[in-house]
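Have a look at the structure below, then the notes.
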Amino acid sequence: MKNFLVSLFYLFPPIIAIILLLLTPIPNAQLTSSENRILLQIQKLLEYPQVLEGWTNMTNFCYLPPSLSLKIVCSNGHVIELTIIGNKGSPFSRRTEQTFRNLNETLSKRFSIHSFFTVLTKLSNLKVLSLVSIGLWGHLPSKINRFASLEVMNISSNFINGEIPSSISSMKSLKSLVLADNQFNGIVLDLTGLASLEELNLSGNKFGPEFPSTAKKLMRINLRNNSLRCQIPPQLMQVDKLQQLDISSNEVFGNIPSFLFSLPFLQYLNLAANHLSGSLSLNISCSSALTFVDISNNFLLGKLPPCIGSKSSKRTVLYSGNCLSARRSNDQFPSSYCKKGAALAVKPPLGSQKDESKMQLGLVLGITGGAVGITVFLASLILFIFRKSRSERTDNNVDRHVSDKVSITAYPRPNVETGHVPQTILEFPPYSIFTSEEIEDATNNFHPSNLIEGSQGKLYKAWLRDGSMVLVHRVKLKQPLLKNIMQNLKVLSNLRHRHLVSIVGHCVVTYQGHPQTASTIFIVFEHVSNVSLKDHLTNRRKKELLKWPQRMTISIGIARGIQFLHKGIAPGIFGNNLKIENILLDGSLNAKVSGYSIPLPSKLEKGLLEATSPMLMSATDPNIEGTYAYESMKTAVQITINCISKNSSNHPSIEDIIWNLQYSMQAQGSRTSSGNPSPNL
């Protein structure tokens, strides 16, 4: 047979080529007609988003070129992977049903999540499903378990609320479950039945108060920024393949179990911004795999164990904001602070109490120029004006009336060196220097539909190749690229902080033939849903969401962002364009400072370097009535009065402000005197 084919090839080469072509199996990538119809229904139910535009009955879905925002993979006539990444942003937590349905962010009122998943689950062969930032809202339906073969489910950055349906526990093939940055709440169901689960990401929701029961094969757990109010469960010891654990920004209390540090494969451990207390055992051993530990901003006492306290180039350890007797004691509080905070942390939250006397709190917003402007701006976010029922209030007597009634002595703070700023781990990718082609591709050649007006001027929405959304700011320069400009570009990579709209990269485009002359610099910012603190405080419905604890948390966040601009980089950045509309809130009401000065010598930046003019605005705000603790409010008032004092010698440093605001937050943990001010007020 072999010799026959060889002879045939020499005698009739075209014929043998055709025979071989006919004998070669062709992979079946053409979709069934039913799945073609399903995809077109999905396009309709998602209200014809831009990423799906152009789909018709003639579209061959299996041959669509994959992009950053769309990927369809077929096998044997069926869709096995569907990835859709939109530009609907991410939600603001604790919205009411009326306020979260913003047409710019969510799908319209006509959208039905039940109808959508009824159609979607007909793609029964799906193994990978990613629906990111496409504006889904409503409760996740129980029919989600119809995806019997699903291995990866990512429905992050949408507006889905309610609890996780119990039916999800029957999805035995599931390896990765990502529901981050939604509006889920309640207790997480028992996930121990998901025997194949390796990744669980529920960050940026309101799950709690209990820690979820987890599968033993989990390698990555992210519960950051939820409402956990519990101790770290000993059952985590059994999750011995764990590589990453992040439970930061919750209310987890109690001691840190020693076994966490010695889990054999654990590389990343983030316990920051909780209520953890007590002393760490000096005898704990750390796994050789452990490269990052963050235990900052808790109530920890005593000494650091040698395995995390000793300097090592292979391990990063962050521990500021505790009461540790560490070698770097200037960023630690006195032990009394942690003992009091730990005692408050374990108390259950009290229900609302009936006010014994009426008291209305309002908004003090102060912005002033020069060096004092930064301090006064922080004070402006402390939401207080004391309203006396029998007297008329004018702008001229507000400062005098309050200062006559309240002592202006603020609480002492730990000794903090001028040049030190506690560091915060950033969840950003490595800083990138982009090519002009990458910038053009990300912005769709600067398409007008991607142009928005932001606090930095004209910005373009863009999508990087990993699917993440960013904002691109174009700065035109006429000056030669001298050494000082190049030095300024190096500063950009340091402008990355939890409470800044951070810079993730830049691109420099130069004229051909003139390598020392810059034409344009593109600065790439992280994307934060463009809803400012001003929008929340001036909108009646949104303002109802900002009770006293939320406002205090926002104030502390702004203070930390400004502290970083002043002292977290060298040289520090001052004269920033600090206005209330330049404070953005992400999906978890985390404050981010935008519109700050970028150290580049250009006319775009001139306005950002000018000092802002003084302004004092006040308005009564009954929304926080009954939500504050007396000691918390009193501490905030005291530091505020110091900030807005006409005597510059009374102005506190940024460290003093942060210390007092943190003390105020700790006092808020016990609201036994809420709404019952003392005679001194």
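By convention in this document, the chains of the structure tokens carry letters A, B, ... by their order, each chain's residues are numbered from 1, and ligands are numbered from 1 in the order they are shown.
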What lies within 8 Å of Val252 of chain A using only C-alpha atoms, ignoring chain neighbours under 5 positions off, as a compact mmCIF listing (two decimals) with C-alpha atoms, in the first residue's frame?
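After the write, part39.txt holds the following:
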```txt
# COMPACT_ATOMS: atom_id res chain seq x y z
CA LEU A 228 -16.30 39.05 58.75
CA ARG A 229 -16.58 39.40 62.52
CA CYS A 230 -15.14 36.20 63.93
CA GLN A 231 -11.92 34.48 64.89
CA ILE A 232 -9.60 32.74 62.44
CA ASN A 274 -8.59 43.75 61.37
CA HIS A 275 -9.06 43.59 65.16
CA LEU A 276 -6.52 40.85 65.84
```
Query raised in the report: Per DSSP on the backbone, what are the strand (DSSP E) residues of segment 272-322 of chain A, as a ChimeraX atom specification?
Result: /A:275-279,292-294,299-302,316-318
Query raised in the report: How far is it from atom CA of Val593 of chain A to atom CA of His506 of chain A, in Å with one decimal?
Result: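 We find that atom CA of Val593 of chain A and atom CA of His506 of chain A lie 19.2 Å from each other.
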Residue contacts of Asn161 of chain A (7 Å, only C-alpha atoms) excluding same-chain residues fewer than 2 positions away, as an mmCIF file with N, CA and C atoms, in the first residue's frame:
```
data_model
loop_
_atom_site.group_PDB
_atom_site.id
_atom_site.type_symbol
_atom_site.label_atom_id
_atom_site.label_comp_id
_atom_site.auth_asym_id
_atom_site.auth_seq_id
_atom_site.Cartn_x
_atom_site.Cartn_y
_atom_site.Cartn_z
ATOM 1 N N GLY A 138 -29.243 41.856 40.470
ATOM 2 C CA GLY A 138 -30.270 40.938 40.963
ATOM 3 C C GLY A 138 -29.647 39.815 41.764
ATOM 4 N N HIS A 139 -30.457 38.853 42.173
ATOM 5 C CA HIS A 139 -29.975 37.699 42.930
ATOM 6 C C HIS A 139 -29.479 36.619 41.978
ATOM 7 N N PHE A 159 -23.210 43.787 39.823
ATOM 8 C CA PHE A 159 -24.052 44.367 40.864
ATOM 9 C C PHE A 159 -24.982 43.307 41.454
ATOM 10 N N GLU A 163 -27.612 36.432 48.797
ATOM 11 C CA GLU A 163 -26.714 35.363 49.220
ATOM 12 C C GLU A 163 -26.333 34.474 48.042
ATOM 13 N N ASN A 182 -18.974 42.606 44.102
ATOM 14 C CA ASN A 182 -20.406 42.640 43.853
ATOM 15 C C ASN A 182 -21.080 43.193 45.103
ATOM 16 N N GLN A 183 -22.329 42.806 45.318
ATOM 17 C CA GLN A 183 -23.063 43.250 46.496
ATOM 18 C C GLN A 183 -23.628 42.069 47.274
ATOM 19 N N PHE A 184 -22.934 40.934 47.204
ATOM 20 C CA PHE A 184 -23.355 39.764 47.961
ATOM 21 C C PHE A 184 -23.280 40.054 49.455
ATOM 22 N N ASN A 185 -24.117 39.349 50.226
ATOM 23 C CA ASN A 185 -24.081 39.495 51.684
ATOM 24 C C ASN A 185 -24.516 38.187 52.323
#
```
Report task. Would you mind writing down, as a list in words, each residue of segment 23-207 of chain A that DSSP on the backbone assigns to alpha helix (DSSP H)? Result -> Leu23, Ser33, Ser34, Glu35, Asn36, Arg37, Ile38, Leu39, Leu40, Gln41, Ile42, Gln43, Lys44, Leu45, Ile113, His114, Ser115, Phe116, Phe117, Thr118, Val119 and Leu120 of chain A
Print the selection's residues with C-alpha atoms to a file, as an mmCIF file, in the first residue's frame.
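Printed below is part.cif as written:
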```
data_model
loop_
_atom_site.group_PDB
_atom_site.id
_atom_site.type_symbol
_atom_site.label_atom_id
_atom_site.label_comp_id
_atom_site.auth_asym_id
_atom_site.auth_seq_id
_atom_site.Cartn_x
_atom_site.Cartn_y
_atom_site.Cartn_z
ATOM 1 C CA LEU A 23 -8.391 11.465 4.351
ATOM 2 C CA SER A 33 -27.586 25.876 15.235
ATOM 3 C CA SER A 34 -29.103 25.834 18.723
ATOM 4 C CA GLU A 35 -25.956 27.227 20.352
ATOM 5 C CA ASN A 36 -25.738 29.870 17.614
ATOM 6 C CA ARG A 37 -29.209 31.015 18.608
ATOM 7 C CA ILE A 38 -28.272 30.953 22.299
ATOM 8 C CA LEU A 39 -25.349 33.326 21.750
ATOM 9 C CA LEU A 40 -27.562 35.730 19.810
ATOM 10 C CA GLN A 41 -30.102 35.592 22.654
ATOM 11 C CA ILE A 42 -27.325 36.419 25.108
ATOM 12 C CA GLN A 43 -26.425 39.452 22.992
ATOM 13 C CA LYS A 44 -30.029 40.616 23.175
ATOM 14 C CA LEU A 45 -30.466 39.956 26.909
ATOM 15 C CA ILE A 113 -31.044 37.840 35.673
ATOM 16 C CA HIS A 114 -33.258 34.745 35.856
ATOM 17 C CA SER A 115 -34.069 34.905 32.142
ATOM 18 C CA PHE A 116 -30.425 35.519 31.366
ATOM 19 C CA PHE A 117 -29.169 32.454 33.228
ATOM 20 C CA THR A 118 -32.036 30.335 31.880
ATOM 21 C CA VAL A 119 -30.648 30.958 28.411
ATOM 22 C CA LEU A 120 -26.977 30.904 29.389
#
```
Using only C-alpha atoms, which residues sit within 10 Å of Leu537 of chain A once same-chain residues fewer than 4 positions away are excluded, as a PDB file with C-alpha atoms, in the first residue's frame?
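Output contents, as saved in around10.pdb:
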```pdb
ATOM      1  CA  LEU A 363     -21.049  68.935  57.064  1.00  0.00           C
ATOM      2  CA  SER A 532     -17.024  61.247  44.062  1.00  0.00           C
ATOM      3  CA  LEU A 533     -17.539  61.925  47.737  1.00  0.00           C
ATOM      4  CA  ARG A 541     -30.354  58.912  48.805  1.00  0.00           C
ATOM      5  CA  LYS A 542     -26.631  58.291  48.559  1.00  0.00           C
ATOM      6  CA  LYS A 543     -26.006  60.430  51.629  1.00  0.00           C
ATOM      7  CA  GLU A 544     -28.180  58.070  53.682  1.00  0.00           C
ATOM      8  CA  LEU A 545     -25.560  55.362  53.095  1.00  0.00           C
ATOM      9  CA  LEU A 546     -22.818  57.391  54.769  1.00  0.00           C
ATOM     10  CA  ILE A 580     -14.218  67.157  47.551  1.00  0.00           C
ATOM     11  CA  ASP A 621     -27.183  66.499  58.060  1.00  0.00           C
TER      12      ASP A 621
END
```
Query raised in the report: How many Å separate atom CA of Leu266 of chain A from atom CA of Glu198 of chain A?
Result: 13.5 Å
**Report entry** Neighbour list for segment 67-82 of chain A as a PyMOL selection string, cut-off 6 Å, only C-alpha atoms, skip fewer than 4 positions in-chain
**Finding:** chain A and resi 28-32+62+125-129+465+467
Keeping only all heavy atoms, write the selected residues as a tab-separated table (two decimals), in the first residue's frame.
```
chain	number	residue	atom	x	y	z
A	28	ASN	N	-14.13	19.61	14.16
A	28	ASN	CA	-15.48	20.15	14.08
A	28	ASN	C	-15.59	21.36	14.98
A	28	ASN	O	-15.81	21.25	16.18
A	28	ASN	CB	-16.48	19.07	14.51
A	28	ASN	CG	-17.91	19.58	14.46
A	28	ASN	OD1	-18.18	20.59	13.83
A	28	ASN	ND2	-18.80	18.86	15.12
A	29	ALA	N	-15.39	22.56	14.41
A	29	ALA	CA	-15.45	23.79	15.19
A	29	ALA	C	-16.72	24.58	14.92
A	29	ALA	O	-16.92	25.63	15.49
A	29	ALA	CB	-14.23	24.67	14.89
A	30	GLN	N	-17.53	24.10	14.02
A	30	GLN	CA	-18.76	24.79	13.69
A	30	GLN	C	-19.80	24.51	14.77
A	30	GLN	O	-20.05	23.37	15.14
A	30	GLN	CB	-19.29	24.33	12.33
A	30	GLN	CG	-20.54	25.05	11.87
A	30	GLN	CD	-20.28	26.51	11.60
A	30	GLN	OE1	-19.23	26.85	11.07
A	30	GLN	NE2	-21.20	27.37	11.97
A	31	LEU	N	-20.41	25.57	15.31
A	31	LEU	CA	-21.40	25.42	16.37
A	31	LEU	C	-22.69	24.81	15.84
A	31	LEU	O	-23.04	24.96	14.67
A	31	LEU	CB	-21.73	26.77	16.99
A	31	LEU	CG	-20.81	27.34	18.05
A	31	LEU	CD1	-21.39	28.62	18.61
A	31	LEU	CD2	-20.59	26.35	19.17
A	32	THR	N	-23.38	24.14	16.72
A	32	THR	CA	-24.72	23.68	16.39
A	32	THR	C	-25.62	24.90	16.24
A	32	THR	O	-25.37	25.97	16.80
A	32	THR	CB	-25.28	22.77	17.50
A	32	THR	OG1	-25.37	23.53	18.71
A	32	THR	CG2	-24.37	21.57	17.73
A	62	CYS	N	-17.11	30.45	16.42
A	62	CYS	CA	-15.92	29.69	16.79
A	62	CYS	C	-14.65	30.23	16.15
A	62	CYS	O	-13.55	29.85	16.54
A	62	CYS	CB	-16.10	28.22	16.40
A	62	CYS	SG	-17.43	27.42	17.30
A	125	ASN	N	-22.09	22.64	27.95
A	125	ASN	CA	-20.73	22.10	27.89
A	125	ASN	C	-19.67	23.10	28.35
A	125	ASN	O	-18.47	22.83	28.23
A	125	ASN	CB	-20.41	21.65	26.46
A	125	ASN	CG	-21.22	20.43	26.04
A	125	ASN	OD1	-20.86	19.30	26.32
A	125	ASN	ND2	-22.34	20.67	25.38
A	126	LEU	N	-20.10	24.24	28.84
A	126	LEU	CA	-19.15	25.27	29.27
A	126	LEU	C	-18.23	24.75	30.37
A	126	LEU	O	-18.68	24.14	31.34
A	126	LEU	CB	-19.89	26.50	29.78
A	126	LEU	CG	-20.26	27.59	28.77
A	126	LEU	CD1	-21.00	28.72	29.47
A	126	LEU	CD2	-19.03	28.14	28.07
A	127	LYS	N	-16.94	25.04	30.21
A	127	LYS	CA	-15.96	24.75	31.25
A	127	LYS	C	-15.43	26.02	31.89
A	127	LYS	O	-15.04	26.01	33.06
A	127	LYS	CB	-14.80	23.94	30.67
A	127	LYS	CG	-15.17	22.54	30.21
A	127	LYS	CD	-13.96	21.78	29.70
A	127	LYS	CE	-14.32	20.38	29.24
A	127	LYS	NZ	-14.84	19.53	30.33
A	128	VAL	N	-15.40	27.11	31.11
A	128	VAL	CA	-14.90	28.39	31.61
A	128	VAL	C	-15.92	29.47	31.29
A	128	VAL	O	-16.31	29.64	30.13
A	128	VAL	CB	-13.54	28.76	30.97
A	128	VAL	CG1	-13.08	30.13	31.45
A	128	VAL	CG2	-12.49	27.70	31.27
A	129	LEU	N	-16.38	30.21	32.33
A	129	LEU	CA	-17.34	31.28	32.16
A	129	LEU	C	-16.84	32.52	32.90
A	129	LEU	O	-16.66	32.49	34.12
A	129	LEU	CB	-18.72	30.88	32.70
A	129	LEU	CG	-19.80	31.97	32.69
A	129	LEU	CD1	-20.12	32.39	31.25
A	129	LEU	CD2	-21.06	31.51	33.40
A	465	ARG	N	-4.22	44.33	28.04
A	465	ARG	CA	-4.33	43.00	27.45
A	465	ARG	C	-4.77	41.95	28.43
A	465	ARG	O	-5.23	40.88	28.05
A	465	ARG	CB	-2.98	42.62	26.82
A	465	ARG	CG	-2.67	43.45	25.58
A	465	ARG	CD	-1.31	43.14	24.97
A	465	ARG	NE	-1.09	43.94	23.78
A	465	ARG	CZ	0.05	43.95	23.09
A	465	ARG	NH1	1.07	43.19	23.50
A	465	ARG	NH2	0.18	44.71	22.03
A	467	GLY	N	-7.21	42.41	30.37
A	467	GLY	CA	-8.63	42.66	30.59
A	467	GLY	C	-8.94	43.74	31.60
A	467	GLY	O	-10.11	44.12	31.75
```
